[in-house]
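Right, one structure below, let's go through it.
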Amino acid sequence: TAFPDGPKATADALAKNGRRIVPIIDPGVKSDPGYSVYDDGSEKNVWCQNPEGNPYIGLVWPGETVFPDFTLGRVRDWWSEYAAKFRTLGYAGCWIDMNDPSTGPVDPYGMRFGQGTEPHEAHRNQYGLGMQMATHAGFLAHSPNERPFILSRSGYTGSSQYAAIWTGDN
């Protein structure tokens with residue numbers, strides 16, 4: 001009710017006054033059959049796995065969550081498509097948060113990468129970089145002549161090519 005014309009109309013109105021909307025995006029996707037992003041990711045097998053070969057489930061803001069496996073190029077491509085769609089809503093950039101990856105009270109070492117073949121510690125520190133790369137690619141696909149504004153909570157060697165790092169949680 002507060003934004004009856006949706007985010008694009010609000011973003012456009014604010015832009016006329018030199019203001020931009022930069023919301024937070026977390027990698028944790030609500031584990032909820034019927035939620036289109038969850039269903040699409042499940043169909044395309046993009047989630048990190050647990051040791052049993054099932055999607056790894058964390059517990060973050062939306063409740064039970066699954067996490068894209070950014071170590072796989074096809075998963076980064078999948079995320080990029082959503083990032084490009086996100087830009088069509090009029091958002092000027094994004095703050096990618098919780099990309100440590102933060103799994104809430106659930107043991108993160110149960111999260112496996114590379115279709116479940118690689119242990120958590122092999123890629124934990126690079127997770128934020130994978131999310132940055134995918135988000136950056138999606139933003140460029142939407143606006144190829146505009147430098148993407150991406151602020152990230154976590155990073156790795158090479159992160160500065162894709163995002164600025166917010167160190168407020170340090």
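By convention here, the chains of the structure tokens are called A, B, ... in the order presented, each chain's residues are numbered starting at 1, and ligands are numbered starting at 1 in the order presented.
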
*Hey, what's within 9 Å of Ser102 (chain A) if we count only C-alpha atoms and toss same-chain stuff fewer than 5 positions away? As an MDAnalysis selection string, please?*
chainID A and resid 27:28 58:60 97 108

*For Ala163 (chain A): contacts at 9 Å, only C-alpha atoms, fewer than 2 positions along chain excluded, given as a PyMOL selection string*: chain A and resi 129+132-133+136+148-152+155+159-161+165

Just N, CA and C atoms for this one: save the residues we selected as a short mmCIF file (atom, residue, chain, number, x, y, z; two decimals), in the first residue's frame.
```cif
data_model
loop_
_atom_site.label_atom_id
_atom_site.label_comp_id
_atom_site.auth_asym_id
_atom_site.auth_seq_id
_atom_site.Cartn_x
_atom_site.Cartn_y
_atom_site.Cartn_z
N LEU A 129 33.30 -13.46 -3.10
CA LEU A 129 33.82 -13.11 -4.42
C LEU A 129 32.92 -13.69 -5.51
N GLN A 132 29.88 -11.64 -5.76
CA GLN A 132 30.20 -10.35 -6.38
C GLN A 132 30.33 -10.48 -7.89
N MET A 133 31.04 -11.50 -8.34
CA MET A 133 31.23 -11.71 -9.77
C MET A 133 29.88 -11.87 -10.48
N HIS A 136 27.80 -8.56 -10.34
CA HIS A 136 28.44 -7.60 -11.25
C HIS A 136 28.09 -7.92 -12.70
N PRO A 148 28.68 -0.72 -12.30
CA PRO A 148 27.81 -1.21 -11.24
C PRO A 148 28.24 -0.71 -9.86
N PHE A 149 27.25 -0.36 -9.04
CA PHE A 149 27.53 -0.04 -7.66
C PHE A 149 27.13 -1.24 -6.81
N ILE A 150 28.14 -1.92 -6.29
CA ILE A 150 27.92 -3.10 -5.45
C ILE A 150 28.79 -2.93 -4.21
N LEU A 151 28.17 -2.99 -3.08
CA LEU A 151 28.84 -2.92 -1.79
C LEU A 151 28.72 -4.29 -1.16
N SER A 152 29.83 -4.89 -0.74
CA SER A 152 29.81 -6.26 -0.24
C SER A 152 30.30 -6.35 1.20
N GLY A 155 34.73 -10.33 1.15
CA GLY A 155 35.50 -10.30 -0.07
C GLY A 155 36.66 -11.26 -0.04
N SER A 159 38.42 -9.01 -5.18
CA SER A 159 37.08 -8.46 -4.98
C SER A 159 36.94 -7.02 -5.47
N SER A 160 38.00 -6.25 -5.39
CA SER A 160 37.90 -4.83 -5.76
C SER A 160 37.55 -4.64 -7.23
N GLN A 161 37.69 -5.67 -8.03
CA GLN A 161 37.31 -5.59 -9.44
C GLN A 161 35.79 -5.59 -9.60
N ILE A 165 34.09 -3.03 -0.52
CA ILE A 165 33.89 -3.86 0.67
C ILE A 165 33.47 -2.98 1.84
#
```

_So, with only C-alpha atoms as the atoms that count, which of A:Tyr56, A:Asp107, A:Thr71, A:Trp78 lies closest to Ala122 (chain A)?_
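Comparing A:Tyr56, A:Asp107, A:Thr71, A:Trp78 against Ala122 (chain A), the winner is A:Thr71.
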
*asked:* So the first atom is CA of Asp69 (chain A) and the second is CA of Cys48 (chain A); what is the distance between them in Å, to one decimal place?
replied: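 CA of Cys48 (chain A) lies 4.8 Å from CA of Asp69 (chain A).
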
*Could you give me, as a PyMOL selection string, each residue of region 53-168 of chain A that DSSP assigns to strand (DSSP E or B) when run on this structure's backbone?*
chain A and resi 55+58-60+63-66+68+93-96+112-113+118+149-152+164-165

*Could you state the separation of CA of Asn99 (chain A) and CA of Ala11 (chain A) in Å, given to one decimal place?*
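About the pair CA of Asn99 (chain A) and CA of Ala11 (chain A): they are 25.5 Å apart.
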
*Please, what distance in Å, to one decimal, runs between CA of Thr117 (chain A) and CA of Tyr38 (chain A)?*
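We find that CA of Thr117 (chain A) and CA of Tyr38 (chain A) lie 22.0 Å from each other.
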
*Filtered DSSP result for chain A, state helix (DSSP H, G or I), as a PyMOL selection string*: chain A and resi 6-15+36-43+73-88+108-110+120-142+159-161

*With a distance cut-off of 12 Å and only C-alpha atoms, select the neighbouring residues of Glu52 (chain A), excluding the residue or stretch itself and same-chain residues fewer than 2 positions from it, and output the selection as JSON, numbers by chain.*
{"A": [48, 49, 50, 54, 55, 56, 57, 110, 111, 112, 115, 116, 117]}
